[in-house]
file model_37.cif (mmCIF, N, CA and C atoms and all ligand atoms)
data_work
loop_
_atom_site.label_atom_id
_atom_site.label_comp_id
_atom_site.auth_asym_id
_atom_site.auth_seq_id
_atom_site.Cartn_x
_atom_site.Cartn_y
_atom_site.Cartn_z
N MET Z 28 -15.58 -32.17 -5.95
CA MET Z 28 -16.05 -31.81 -7.29
C MET Z 28 -15.95 -33.05 -8.18
N ASN Z 29 -17.12 -33.56 -8.60
CA ASN Z 29 -17.11 -34.72 -9.49
C ASN Z 29 -17.25 -34.25 -10.93
N ILE Z 30 -16.23 -34.50 -11.71
CA ILE Z 30 -16.24 -34.04 -13.10
C ILE Z 30 -16.19 -35.24 -14.02
N THR Z 31 -17.15 -35.31 -14.93
CA THR Z 31 -17.18 -36.44 -15.86
C THR Z 31 -16.15 -36.25 -16.96
N GLU Z 32 -15.91 -37.31 -17.71
CA GLU Z 32 -14.97 -37.27 -18.84
C GLU Z 32 -15.36 -36.17 -19.82
N ARG Z 33 -16.67 -36.09 -20.10
CA ARG Z 33 -17.16 -35.10 -21.07
C ARG Z 33 -16.95 -33.67 -20.58
N GLN Z 34 -17.23 -33.47 -19.30
CA GLN Z 34 -17.05 -32.13 -18.73
C GLN Z 34 -15.57 -31.75 -18.74
N ARG Z 35 -14.75 -32.73 -18.45
CA ARG Z 35 -13.31 -32.50 -18.44
C ARG Z 35 -12.85 -32.08 -19.85
N ALA Z 36 -13.36 -32.78 -20.87
CA ALA Z 36 -12.99 -32.47 -22.26
C ALA Z 36 -13.47 -31.07 -22.62
N ARG Z 37 -14.68 -30.72 -22.18
CA ARG Z 37 -15.24 -29.40 -22.48
C ARG Z 37 -14.37 -28.31 -21.83
N PHE Z 38 -13.95 -28.58 -20.62
CA PHE Z 38 -13.11 -27.62 -19.90
C PHE Z 38 -11.79 -27.40 -20.65
N TRP Z 39 -11.10 -28.50 -20.99
CA TRP Z 39 -9.80 -28.37 -21.65
C TRP Z 39 -9.91 -27.70 -23.00
N ASN Z 40 -11.06 -27.91 -23.66
CA ASN Z 40 -11.31 -27.29 -24.94
C ASN Z 40 -11.27 -25.78 -24.89
N LYS Z 41 -11.64 -25.23 -23.74
CA LYS Z 41 -11.74 -23.79 -23.59
C LYS Z 41 -10.44 -23.15 -23.10
N VAL Z 42 -9.53 -23.99 -22.63
CA VAL Z 42 -8.27 -23.46 -22.09
C VAL Z 42 -7.35 -23.07 -23.24
N ARG Z 43 -6.75 -21.89 -23.10
CA ARG Z 43 -5.77 -21.46 -24.08
C ARG Z 43 -4.40 -21.39 -23.42
N PRO Z 44 -3.70 -22.52 -23.39
CA PRO Z 44 -2.42 -22.54 -22.70
C PRO Z 44 -1.41 -21.65 -23.39
N GLY Z 45 -0.66 -20.92 -22.62
CA GLY Z 45 0.44 -20.14 -23.18
C GLY Z 45 1.70 -20.95 -22.94
N SER Z 46 2.78 -20.28 -22.68
CA SER Z 46 4.02 -20.98 -22.35
C SER Z 46 3.86 -21.60 -20.97
N ASP Z 47 4.79 -22.46 -20.59
CA ASP Z 47 4.73 -23.09 -19.27
C ASP Z 47 4.73 -22.07 -18.15
N SER Z 48 5.50 -21.00 -18.34
CA SER Z 48 5.64 -20.04 -17.26
C SER Z 48 4.63 -18.90 -17.36
N GLY Z 49 4.05 -18.69 -18.55
CA GLY Z 49 3.12 -17.58 -18.72
C GLY Z 49 1.73 -17.91 -18.22
N CYS Z 50 0.87 -16.90 -18.18
CA CYS Z 50 -0.50 -17.12 -17.74
C CYS Z 50 -1.31 -17.80 -18.84
N TRP Z 51 -2.20 -18.68 -18.43
CA TRP Z 51 -3.10 -19.35 -19.37
C TRP Z 51 -4.48 -18.72 -19.23
N MET Z 52 -5.11 -18.48 -20.36
CA MET Z 52 -6.46 -17.92 -20.34
C MET Z 52 -7.46 -19.03 -20.63
N ILE Z 53 -8.71 -18.73 -20.40
CA ILE Z 53 -9.77 -19.69 -20.69
C ILE Z 53 -10.98 -18.94 -21.21
N ASP Z 54 -11.58 -19.47 -22.27
CA ASP Z 54 -12.69 -18.79 -22.93
C ASP Z 54 -14.02 -19.15 -22.29
N VAL Z 55 -14.29 -18.57 -21.15
CA VAL Z 55 -15.58 -18.80 -20.48
C VAL Z 55 -16.06 -17.47 -19.91
N CYS Z 56 -17.27 -17.47 -19.36
CA CYS Z 56 -17.80 -16.26 -18.73
C CYS Z 56 -17.00 -15.94 -17.48
N ARG Z 57 -17.07 -14.67 -17.09
CA ARG Z 57 -16.35 -14.27 -15.88
C ARG Z 57 -17.29 -13.68 -14.86
N THR Z 58 -16.91 -13.79 -13.60
CA THR Z 58 -17.68 -13.16 -12.54
C THR Z 58 -17.40 -11.67 -12.56
N SER Z 59 -18.12 -10.91 -11.73
CA SER Z 59 -17.88 -9.47 -11.66
C SER Z 59 -16.47 -9.18 -11.16
N GLN Z 60 -15.84 -10.16 -10.50
CA GLN Z 60 -14.45 -9.97 -10.06
C GLN Z 60 -13.47 -10.43 -11.14
N ASN Z 61 -13.98 -10.65 -12.35
CA ASN Z 61 -13.13 -11.02 -13.46
C ASN Z 61 -12.54 -12.43 -13.33
N GLN Z 62 -13.23 -13.28 -12.57
CA GLN Z 62 -12.74 -14.65 -12.43
C GLN Z 62 -13.54 -15.55 -13.36
N PRO Z 63 -12.85 -16.30 -14.22
CA PRO Z 63 -13.56 -17.17 -15.15
C PRO Z 63 -14.32 -18.28 -14.42
N THR Z 64 -15.53 -18.55 -14.89
CA THR Z 64 -16.32 -19.64 -14.28
C THR Z 64 -16.82 -20.56 -15.38
N ILE Z 65 -17.02 -21.81 -15.02
CA ILE Z 65 -17.57 -22.77 -15.96
C ILE Z 65 -18.71 -23.48 -15.25
N SER Z 66 -19.77 -23.81 -16.00
CA SER Z 66 -20.89 -24.48 -15.33
C SER Z 66 -20.94 -25.95 -15.72
N PHE Z 67 -21.07 -26.78 -14.72
CA PHE Z 67 -21.28 -28.21 -14.88
C PHE Z 67 -22.60 -28.53 -14.20
N ASN Z 68 -23.51 -29.19 -14.89
CA ASN Z 68 -24.83 -29.52 -14.32
C ASN Z 68 -25.49 -28.30 -13.68
N LYS Z 69 -25.45 -27.18 -14.41
CA LYS Z 69 -26.10 -25.94 -13.99
C LYS Z 69 -25.51 -25.32 -12.73
N LYS Z 70 -24.38 -25.81 -12.29
CA LYS Z 70 -23.71 -25.20 -11.14
C LYS Z 70 -22.46 -24.51 -11.65
N HIS Z 71 -22.16 -23.35 -11.08
CA HIS Z 71 -20.99 -22.60 -11.53
C HIS Z 71 -19.77 -22.92 -10.66
N PHE Z 72 -18.67 -23.12 -11.32
CA PHE Z 72 -17.41 -23.36 -10.61
C PHE Z 72 -16.37 -22.38 -11.11
N LEU Z 73 -15.52 -21.92 -10.20
CA LEU Z 73 -14.41 -21.07 -10.63
C LEU Z 73 -13.44 -21.94 -11.43
N ALA Z 74 -13.04 -21.45 -12.60
CA ALA Z 74 -12.17 -22.23 -13.48
C ALA Z 74 -10.85 -22.59 -12.79
N SER Z 75 -10.36 -21.68 -11.94
CA SER Z 75 -9.09 -21.97 -11.25
C SER Z 75 -9.25 -23.17 -10.31
N ARG Z 76 -10.44 -23.30 -9.70
CA ARG Z 76 -10.68 -24.44 -8.81
C ARG Z 76 -10.80 -25.73 -9.60
N VAL Z 77 -11.47 -25.63 -10.76
CA VAL Z 77 -11.60 -26.82 -11.61
C VAL Z 77 -10.21 -27.27 -12.06
N MET Z 78 -9.41 -26.29 -12.52
CA MET Z 78 -8.07 -26.62 -13.00
C MET Z 78 -7.23 -27.25 -11.88
N PHE Z 79 -7.34 -26.68 -10.69
CA PHE Z 79 -6.57 -27.22 -9.58
C PHE Z 79 -6.98 -28.67 -9.31
N SER Z 80 -8.30 -28.93 -9.26
CA SER Z 80 -8.77 -30.28 -8.99
C SER Z 80 -8.32 -31.27 -10.06
N LEU Z 81 -8.37 -30.81 -11.32
CA LEU Z 81 -8.01 -31.72 -12.42
C LEU Z 81 -6.53 -32.04 -12.44
N THR Z 82 -5.71 -31.08 -12.05
CA THR Z 82 -4.27 -31.28 -12.22
C THR Z 82 -3.53 -31.60 -10.92
N LYS Z 83 -4.10 -31.17 -9.78
CA LYS Z 83 -3.35 -31.35 -8.53
C LYS Z 83 -4.12 -32.12 -7.47
N GLY Z 84 -5.39 -32.38 -7.74
CA GLY Z 84 -6.16 -33.16 -6.78
C GLY Z 84 -7.20 -32.33 -6.05
N ALA Z 85 -7.98 -33.01 -5.23
CA ALA Z 85 -9.12 -32.39 -4.56
C ALA Z 85 -8.68 -31.23 -3.68
N ILE Z 86 -9.57 -30.23 -3.56
CA ILE Z 86 -9.30 -29.07 -2.72
C ILE Z 86 -9.94 -29.30 -1.35
N PRO Z 87 -9.14 -29.33 -0.29
CA PRO Z 87 -9.73 -29.55 1.04
C PRO Z 87 -10.75 -28.45 1.37
N ASN Z 88 -11.76 -28.81 2.14
CA ASN Z 88 -12.80 -27.86 2.54
C ASN Z 88 -12.20 -26.60 3.15
N GLY Z 89 -12.74 -25.46 2.75
CA GLY Z 89 -12.34 -24.21 3.39
C GLY Z 89 -11.10 -23.58 2.81
N LEU Z 90 -10.46 -24.25 1.85
CA LEU Z 90 -9.27 -23.64 1.26
C LEU Z 90 -9.60 -22.96 -0.07
N PHE Z 91 -8.81 -21.96 -0.39
CA PHE Z 91 -9.02 -21.16 -1.59
C PHE Z 91 -7.90 -21.43 -2.59
N VAL Z 92 -8.25 -21.40 -3.88
CA VAL Z 92 -7.20 -21.48 -4.89
C VAL Z 92 -6.72 -20.06 -5.16
N MET Z 93 -5.44 -19.84 -4.97
CA MET Z 93 -4.86 -18.51 -5.13
C MET Z 93 -3.89 -18.52 -6.32
N HIS Z 94 -3.51 -17.31 -6.74
CA HIS Z 94 -2.63 -17.17 -7.90
C HIS Z 94 -1.28 -16.56 -7.50
N THR Z 95 -0.19 -17.23 -7.88
CA THR Z 95 1.12 -16.63 -7.63
C THR Z 95 1.32 -15.45 -8.57
N CYS Z 96 0.60 -15.43 -9.69
CA CYS Z 96 0.81 -14.39 -10.72
C CYS Z 96 -0.10 -13.17 -10.50
N ASP Z 97 -0.97 -13.21 -9.49
CA ASP Z 97 -1.89 -12.10 -9.23
C ASP Z 97 -2.88 -11.87 -10.37
N ASN Z 98 -2.99 -12.83 -11.25
CA ASN Z 98 -3.93 -12.70 -12.37
C ASN Z 98 -5.09 -13.66 -12.12
N GLY Z 99 -6.18 -13.12 -11.59
CA GLY Z 99 -7.31 -13.94 -11.21
C GLY Z 99 -7.92 -14.71 -12.36
N ALA Z 100 -7.61 -14.29 -13.58
CA ALA Z 100 -8.21 -14.93 -14.76
C ALA Z 100 -7.35 -16.09 -15.25
N CYS Z 101 -6.18 -16.27 -14.66
CA CYS Z 101 -5.23 -17.26 -15.15
C CYS Z 101 -5.58 -18.66 -14.64
N VAL Z 102 -5.39 -19.68 -15.49
CA VAL Z 102 -5.63 -21.06 -15.07
C VAL Z 102 -4.40 -21.94 -15.27
N ASN Z 103 -3.23 -21.34 -15.40
CA ASN Z 103 -2.02 -22.16 -15.49
C ASN Z 103 -1.81 -22.87 -14.14
N PRO Z 104 -1.85 -24.23 -14.16
CA PRO Z 104 -1.76 -24.97 -12.89
C PRO Z 104 -0.53 -24.60 -12.08
N SER Z 105 0.55 -24.24 -12.76
CA SER Z 105 1.77 -23.93 -12.01
C SER Z 105 1.70 -22.55 -11.34
N HIS Z 106 0.65 -21.79 -11.60
CA HIS Z 106 0.45 -20.50 -10.92
C HIS Z 106 -0.55 -20.60 -9.78
N LEU Z 107 -1.10 -21.81 -9.58
CA LEU Z 107 -2.17 -21.96 -8.59
C LEU Z 107 -1.64 -22.61 -7.32
N TRP Z 108 -2.08 -22.08 -6.20
CA TRP Z 108 -1.72 -22.71 -4.94
C TRP Z 108 -2.90 -22.59 -3.98
N LEU Z 109 -2.87 -23.38 -2.91
CA LEU Z 109 -3.99 -23.37 -1.97
C LEU Z 109 -3.68 -22.48 -0.79
N GLY Z 110 -4.62 -21.63 -0.44
CA GLY Z 110 -4.43 -20.76 0.72
C GLY Z 110 -5.66 -20.78 1.60
N THR Z 111 -5.50 -20.26 2.80
CA THR Z 111 -6.62 -20.16 3.73
C THR Z 111 -7.35 -18.84 3.51
N GLN Z 112 -8.45 -18.67 4.21
CA GLN Z 112 -9.19 -17.41 4.15
C GLN Z 112 -8.27 -16.24 4.50
N LYS Z 113 -7.39 -16.46 5.49
CA LYS Z 113 -6.48 -15.41 5.91
C LYS Z 113 -5.52 -15.04 4.77
N ASP Z 114 -4.96 -16.07 4.12
CA ASP Z 114 -4.08 -15.82 2.97
C ASP Z 114 -4.83 -15.02 1.90
N ASN Z 115 -6.09 -15.42 1.73
CA ASN Z 115 -6.90 -14.80 0.69
C ASN Z 115 -7.07 -13.31 0.95
N ILE Z 116 -7.36 -12.97 2.19
CA ILE Z 116 -7.56 -11.56 2.56
C ILE Z 116 -6.25 -10.79 2.41
N GLN Z 117 -5.15 -11.41 2.90
CA GLN Z 117 -3.86 -10.72 2.79
C GLN Z 117 -3.49 -10.49 1.33
N ASP Z 118 -3.82 -11.47 0.51
CA ASP Z 118 -3.54 -11.37 -0.92
C ASP Z 118 -4.31 -10.19 -1.52
N CYS Z 119 -5.56 -10.05 -1.13
CA CYS Z 119 -6.39 -8.95 -1.64
C CYS Z 119 -5.80 -7.62 -1.23
N VAL Z 120 -5.40 -7.53 0.02
CA VAL Z 120 -4.84 -6.28 0.54
C VAL Z 120 -3.57 -5.93 -0.24
N ARG Z 121 -2.75 -6.95 -0.48
CA ARG Z 121 -1.50 -6.74 -1.20
C ARG Z 121 -1.79 -6.28 -2.63
N LYS Z 122 -2.78 -6.90 -3.27
CA LYS Z 122 -3.13 -6.52 -4.63
C LYS Z 122 -3.65 -5.09 -4.67
N TYR Z 123 -4.45 -4.77 -3.65
CA TYR Z 123 -5.03 -3.43 -3.60
C TYR Z 123 -3.91 -2.40 -3.51
N ARG Z 124 -2.91 -2.71 -2.68
CA ARG Z 124 -1.76 -1.79 -2.56
C ARG Z 124 -1.05 -1.66 -3.89
N ARG Z 125 -0.87 -2.80 -4.56
CA ARG Z 125 -0.19 -2.77 -5.85
C ARG Z 125 -0.97 -1.95 -6.85
N TRP Z 126 -2.27 -2.09 -6.79
CA TRP Z 126 -3.17 -1.37 -7.68
C TRP Z 126 -2.98 0.13 -7.51
N ASN Z 127 -2.64 0.52 -6.29
CA ASN Z 127 -2.42 1.93 -6.00
C ASN Z 127 -1.00 2.39 -6.33
N SER Z 128 -0.16 1.46 -6.73
CA SER Z 128 1.24 1.82 -6.92
C SER Z 128 1.44 2.59 -8.22
N LYS Z 129 2.66 3.08 -8.39
CA LYS Z 129 2.96 3.92 -9.53
C LYS Z 129 2.81 3.17 -10.85
N LEU Z 130 3.29 1.92 -10.84
CA LEU Z 130 3.23 1.12 -12.05
C LEU Z 130 1.80 1.04 -12.56
N ILE Z 131 0.90 0.73 -11.63
CA ILE Z 131 -0.49 0.58 -12.03
C ILE Z 131 -1.04 1.92 -12.50
N ARG Z 132 -0.63 2.98 -11.82
CA ARG Z 132 -1.08 4.31 -12.22
C ARG Z 132 -0.69 4.58 -13.68
N GLU Z 133 0.55 4.16 -14.01
CA GLU Z 133 1.00 4.35 -15.39
C GLU Z 133 0.17 3.52 -16.36
N GLN Z 134 -0.21 2.33 -15.92
CA GLN Z 134 -1.05 1.49 -16.79
C GLN Z 134 -2.40 2.16 -17.03
N ILE Z 135 -2.92 2.76 -15.98
CA ILE Z 135 -4.21 3.43 -16.11
C ILE Z 135 -4.10 4.58 -17.12
N LEU Z 136 -3.03 5.35 -16.98
CA LEU Z 136 -2.84 6.46 -17.92
C LEU Z 136 -2.66 5.94 -19.34
N GLU Z 137 -1.99 4.78 -19.45
CA GLU Z 137 -1.79 4.17 -20.76
C GLU Z 137 -3.13 3.72 -21.36
N ILE Z 138 -3.94 3.11 -20.52
CA ILE Z 138 -5.28 2.67 -20.97
C ILE Z 138 -6.06 3.87 -21.47
N ARG Z 139 -5.99 4.96 -20.70
CA ARG Z 139 -6.72 6.18 -21.04
C ARG Z 139 -6.22 6.73 -22.39
N ARG Z 140 -4.89 6.73 -22.52
CA ARG Z 140 -4.29 7.28 -23.74
C ARG Z 140 -4.72 6.44 -24.95
N LEU Z 141 -4.61 5.11 -24.82
CA LEU Z 141 -4.98 4.22 -25.92
C LEU Z 141 -6.46 4.36 -26.25
N GLY Z 142 -7.27 4.42 -25.20
CA GLY Z 142 -8.71 4.52 -25.39
C GLY Z 142 -9.08 5.80 -26.12
N LYS Z 143 -8.43 6.90 -25.73
CA LYS Z 143 -8.73 8.19 -26.36
C LYS Z 143 -8.26 8.20 -27.81
N SER Z 144 -7.24 7.37 -28.11
CA SER Z 144 -6.76 7.35 -29.50
C SER Z 144 -7.55 6.35 -30.34
N GLY Z 145 -8.61 5.80 -29.76
CA GLY Z 145 -9.54 5.02 -30.57
C GLY Z 145 -9.49 3.50 -30.39
N VAL Z 146 -8.59 3.02 -29.51
CA VAL Z 146 -8.55 1.57 -29.26
C VAL Z 146 -9.82 1.18 -28.49
N SER Z 147 -10.49 0.13 -28.92
CA SER Z 147 -11.78 -0.23 -28.30
C SER Z 147 -11.58 -0.75 -26.88
N SER Z 148 -12.63 -0.56 -26.08
CA SER Z 148 -12.52 -1.01 -24.69
C SER Z 148 -12.41 -2.53 -24.61
N HIS Z 149 -12.94 -3.24 -25.61
CA HIS Z 149 -12.81 -4.70 -25.60
C HIS Z 149 -11.35 -5.12 -25.79
N LEU Z 150 -10.67 -4.41 -26.69
CA LEU Z 150 -9.27 -4.72 -26.93
C LEU Z 150 -8.43 -4.37 -25.70
N LEU Z 151 -8.74 -3.21 -25.10
CA LEU Z 151 -8.01 -2.79 -23.90
C LEU Z 151 -8.23 -3.80 -22.78
N ALA Z 152 -9.48 -4.27 -22.68
CA ALA Z 152 -9.81 -5.23 -21.63
C ALA Z 152 -8.96 -6.47 -21.77
N LYS Z 153 -8.82 -6.93 -23.03
CA LYS Z 153 -8.02 -8.13 -23.28
C LYS Z 153 -6.57 -7.90 -22.92
N GLN Z 154 -6.07 -6.76 -23.38
CA GLN Z 154 -4.66 -6.47 -23.22
C GLN Z 154 -4.27 -6.28 -21.75
N PHE Z 155 -5.15 -5.64 -20.97
CA PHE Z 155 -4.80 -5.34 -19.58
C PHE Z 155 -5.50 -6.27 -18.60
N ASN Z 156 -6.21 -7.25 -19.16
CA ASN Z 156 -6.85 -8.24 -18.33
C ASN Z 156 -7.82 -7.64 -17.32
N ILE Z 157 -8.68 -6.77 -17.82
CA ILE Z 157 -9.73 -6.19 -16.99
C ILE Z 157 -11.04 -6.33 -17.77
N THR Z 158 -12.16 -5.98 -17.15
CA THR Z 158 -13.41 -6.07 -17.89
C THR Z 158 -13.50 -4.88 -18.85
N HIS Z 159 -14.28 -5.03 -19.92
CA HIS Z 159 -14.38 -3.92 -20.87
C HIS Z 159 -15.15 -2.76 -20.25
N GLN Z 160 -16.06 -3.09 -19.33
CA GLN Z 160 -16.78 -2.00 -18.65
C GLN Z 160 -15.78 -1.13 -17.85
N TYR Z 161 -14.87 -1.83 -17.19
CA TYR Z 161 -13.89 -1.10 -16.38
C TYR Z 161 -12.96 -0.28 -17.27
N ALA Z 162 -12.54 -0.90 -18.39
CA ALA Z 162 -11.67 -0.19 -19.34
C ALA Z 162 -12.37 1.08 -19.81
N SER Z 163 -13.65 0.94 -20.12
CA SER Z 163 -14.39 2.08 -20.63
C SER Z 163 -14.52 3.17 -19.56
N ARG Z 164 -14.70 2.75 -18.29
CA ARG Z 164 -14.79 3.75 -17.22
C ARG Z 164 -13.47 4.48 -17.03
N ILE Z 165 -12.36 3.73 -17.20
CA ILE Z 165 -11.04 4.37 -17.08
C ILE Z 165 -10.86 5.39 -18.19
N VAL Z 166 -11.20 5.00 -19.40
CA VAL Z 166 -11.03 5.89 -20.56
C VAL Z 166 -11.87 7.15 -20.38
N ARG Z 167 -13.08 6.97 -19.85
CA ARG Z 167 -13.96 8.13 -19.69
C ARG Z 167 -13.66 8.93 -18.41
N ASN Z 168 -12.54 8.57 -17.73
CA ASN Z 168 -12.11 9.31 -16.53
C ASN Z 168 -13.05 9.14 -15.35
N ILE Z 169 -13.87 8.10 -15.39
CA ILE Z 169 -14.79 7.91 -14.27
C ILE Z 169 -14.09 7.17 -13.14
N GLN Z 170 -13.21 6.23 -13.52
CA GLN Z 170 -12.52 5.45 -12.52
C GLN Z 170 -11.07 5.29 -12.91
N PRO Z 171 -10.16 5.00 -12.03
CA PRO Z 171 -10.34 5.18 -10.59
C PRO Z 171 -10.20 6.64 -10.21
N GLU Z 172 -10.86 7.03 -9.18
CA GLU Z 172 -10.93 8.45 -8.81
C GLU Z 172 -9.60 9.07 -8.47
N TYR Z 173 -8.69 8.23 -7.96
CA TYR Z 173 -7.43 8.81 -7.50
C TYR Z 173 -6.45 9.06 -8.64
N VAL Z 174 -6.79 8.64 -9.84
CA VAL Z 174 -5.91 8.95 -10.98
C VAL Z 174 -6.64 9.89 -11.92
N LYS Z 175 -6.38 11.17 -11.73
CA LYS Z 175 -7.04 12.15 -12.61
C LYS Z 175 -5.96 12.90 -13.38
ZN ZN H 201 -0.84 -16.88 -14.18
#
call {"tool": "encode", "arguments": {"input": "model_37.cif", "output": "structure tokens"}}
result
Amino acid sequence: MNITERQRARFWNKVRPGSDSGCWMIDVCRTSQNQPTISFNKKHFLASRVMFSLTKGAIPNGLFVMHTCDNGACVNPSHLWLGTQKDNIQDCVRKYRRWNSKLIREQILEIRRLGKSGVSSHLLAKQFNITHQYASRIVRNIQPEYVK
């Protein structure tokens, strides 16, 4: 990934660093998987990959940038590590299990409660780090099906 000085400045401009240990957000568009992307020369790059390259060096072919914090939207370099396709799949499976856990179920009920009390889906999306479409589906009881 060749990034010019200007592109680098544009990238850092959009980063909203939190504390050293907390998750960092970035003000860019997101993929349908809620992963922030930035475009350089009309090509889209995952922000986590850009951040990794800028702060830790080139990413070897075939490796994925993964998150220790399970927050796909986070770009804090200290939360990023390199994994293989296998790590990536295991990570997804683990997240999926977590998503099904009680804690997450409570979050879903909380989202629903807040949404019904008038909190906008955009605000819920920000707070729970999900897309506003998804927040709205949760509030309207459409998703996820297993939490009714
Ligand atoms: Zn993080």
call {"tool": "atom_distance", "arguments": {"input": "model_37.cif", "atom1": "atom C of Gln154 of chain Z", "atom2": "atom C of Cys56 of chain Z"}}
result
16.5 Å
call {"tool": "atom_distance", "arguments": {"input": "model_37.cif", "atom1": "atom CA of Gly84 of chain Z", "atom2": "atom CA of Gln60 of chain Z"}}
result
24.8 Å
call {"tool": "atom_distance", "arguments": {"input": "model_37.cif", "atom1": "atom CA of Ser163 of chain Z", "atom2": "atom CA of Gly142 of chain Z"}}
result
7.8 Å
call {"tool": "residues_near_ligand", "arguments": {"input": "model_37.cif", "ligand": "ligand ZN 201 (chain H)", "cutoff": "7 Å", "atoms": "only C-alpha atoms and all ligand atoms", "output": "list of chain:residue names"}}
result
Z:Gly49, Z:Cys50, Z:Trp51, Z:His94, Z:Thr95, Z:Cys96, Z:Asp97, Z:Asn98, Z:Cys101, Z:Val102, Z:Asn103, Z:His106
call {"tool": "residues_around", "arguments": {"input": "model_37.cif", "residues": "segment 28-30 of chain Z", "least_positions_apart": "4", "cutoff": "12 Å", "atoms": "only C-alpha atoms", "output": "ChimeraX atom specification"}}
result
/Z:34-38,65-68,70-73,76-81,84-88
call {"tool": "write_last_selection", "arguments": {"input": "model_37.cif", "atoms": "N, CA and C atoms", "output": "mmCIF file, in the frame of the given file"}}
result
data_model
loop_
_atom_site.group_PDB
_atom_site.id
_atom_site.type_symbol
_atom_site.label_atom_id
_atom_site.label_comp_id
_atom_site.auth_asym_id
_atom_site.auth_seq_id
_atom_site.Cartn_x
_atom_site.Cartn_y
_atom_site.Cartn_z
ATOM 1 N N GLN Z 34 -17.230 -33.470 -19.300
ATOM 2 C CA GLN Z 34 -17.050 -32.130 -18.730
ATOM 3 C C GLN Z 34 -15.570 -31.750 -18.740
ATOM 4 N N ARG Z 35 -14.750 -32.730 -18.450
ATOM 5 C CA ARG Z 35 -13.310 -32.500 -18.440
ATOM 6 C C ARG Z 35 -12.850 -32.080 -19.850
ATOM 7 N N ALA Z 36 -13.360 -32.780 -20.870
ATOM 8 C CA ALA Z 36 -12.990 -32.470 -22.260
ATOM 9 C C ALA Z 36 -13.470 -31.070 -22.620
ATOM 10 N N ARG Z 37 -14.680 -30.720 -22.180
ATOM 11 C CA ARG Z 37 -15.240 -29.400 -22.480
ATOM 12 C C ARG Z 37 -14.370 -28.310 -21.830
ATOM 13 N N PHE Z 38 -13.950 -28.580 -20.620
ATOM 14 C CA PHE Z 38 -13.110 -27.620 -19.900
ATOM 15 C C PHE Z 38 -11.790 -27.400 -20.650
ATOM 16 N N ILE Z 65 -17.020 -21.810 -15.020
ATOM 17 C CA ILE Z 65 -17.570 -22.770 -15.960
ATOM 18 C C ILE Z 65 -18.710 -23.480 -15.250
ATOM 19 N N SER Z 66 -19.770 -23.810 -16.000
ATOM 20 C CA SER Z 66 -20.890 -24.480 -15.330
ATOM 21 C C SER Z 66 -20.940 -25.950 -15.720
ATOM 22 N N PHE Z 67 -21.070 -26.780 -14.720
ATOM 23 C CA PHE Z 67 -21.280 -28.210 -14.880
ATOM 24 C C PHE Z 67 -22.600 -28.530 -14.200
ATOM 25 N N ASN Z 68 -23.510 -29.190 -14.890
ATOM 26 C CA ASN Z 68 -24.830 -29.520 -14.320
ATOM 27 C C ASN Z 68 -25.490 -28.300 -13.680
ATOM 28 N N LYS Z 70 -24.380 -25.810 -12.290
ATOM 29 C CA LYS Z 70 -23.710 -25.200 -11.140
ATOM 30 C C LYS Z 70 -22.460 -24.510 -11.650
ATOM 31 N N HIS Z 71 -22.160 -23.350 -11.080
ATOM 32 C CA HIS Z 71 -20.990 -22.600 -11.530
ATOM 33 C C HIS Z 71 -19.770 -22.920 -10.660
ATOM 34 N N PHE Z 72 -18.670 -23.120 -11.320
ATOM 35 C CA PHE Z 72 -17.410 -23.360 -10.610
ATOM 36 C C PHE Z 72 -16.370 -22.380 -11.110
ATOM 37 N N LEU Z 73 -15.520 -21.920 -10.200
ATOM 38 C CA LEU Z 73 -14.410 -21.070 -10.630
ATOM 39 C C LEU Z 73 -13.440 -21.940 -11.430
ATOM 40 N N ARG Z 76 -10.440 -23.300 -9.700
ATOM 41 C CA ARG Z 76 -10.680 -24.440 -8.810
ATOM 42 C C ARG Z 76 -10.800 -25.730 -9.600
ATOM 43 N N VAL Z 77 -11.470 -25.630 -10.760
ATOM 44 C CA VAL Z 77 -11.600 -26.820 -11.610
ATOM 45 C C VAL Z 77 -10.210 -27.270 -12.060
ATOM 46 N N MET Z 78 -9.410 -26.290 -12.520
ATOM 47 C CA MET Z 78 -8.070 -26.620 -13.000
ATOM 48 C C MET Z 78 -7.230 -27.250 -11.880
ATOM 49 N N PHE Z 79 -7.340 -26.680 -10.690
ATOM 50 C CA PHE Z 79 -6.570 -27.220 -9.580
ATOM 51 C C PHE Z 79 -6.980 -28.670 -9.310
ATOM 52 N N SER Z 80 -8.300 -28.930 -9.260
ATOM 53 C CA SER Z 80 -8.770 -30.280 -8.990
ATOM 54 C C SER Z 80 -8.320 -31.270 -10.060
ATOM 55 N N LEU Z 81 -8.370 -30.810 -11.320
ATOM 56 C CA LEU Z 81 -8.010 -31.720 -12.420
ATOM 57 C C LEU Z 81 -6.530 -32.040 -12.440
ATOM 58 N N GLY Z 84 -5.390 -32.380 -7.740
ATOM 59 C CA GLY Z 84 -6.160 -33.160 -6.780
ATOM 60 C C GLY Z 84 -7.200 -32.330 -6.050
ATOM 61 N N ALA Z 85 -7.980 -33.010 -5.230
ATOM 62 C CA ALA Z 85 -9.120 -32.390 -4.560
ATOM 63 C C ALA Z 85 -8.680 -31.230 -3.680
ATOM 64 N N ILE Z 86 -9.570 -30.230 -3.560
ATOM 65 C CA ILE Z 86 -9.300 -29.070 -2.720
ATOM 66 C C ILE Z 86 -9.940 -29.300 -1.350
ATOM 67 N N PRO Z 87 -9.140 -29.330 -0.290
ATOM 68 C CA PRO Z 87 -9.730 -29.550 1.040
ATOM 69 C C PRO Z 87 -10.750 -28.450 1.370
ATOM 70 N N ASN Z 88 -11.760 -28.810 2.140
ATOM 71 C CA ASN Z 88 -12.800 -27.860 2.540
ATOM 72 C C ASN Z 88 -12.200 -26.600 3.150
#
call {"tool": "closest_residue", "arguments": {"input": "model_37.cif", "among": "Z:Gln112, Z:Gln117, Z:Gln160, Z:Gln62", "to": "Gly99 of chain Z", "atoms": "all atoms listed in the file"}}
result
Z:Gln62
call {"tool": "residues_around", "arguments": {"input": "model_37.cif", "residues": "Phe91 of chain Z", "least_positions_apart": "4", "cutoff": "6.5 Å", "atoms": "only N, CA and C atoms", "output": "list of chain:residue names"}}
result
Z:Trp108, Z:Leu109, Z:Gly110, Z:Thr111, Z:Gln112
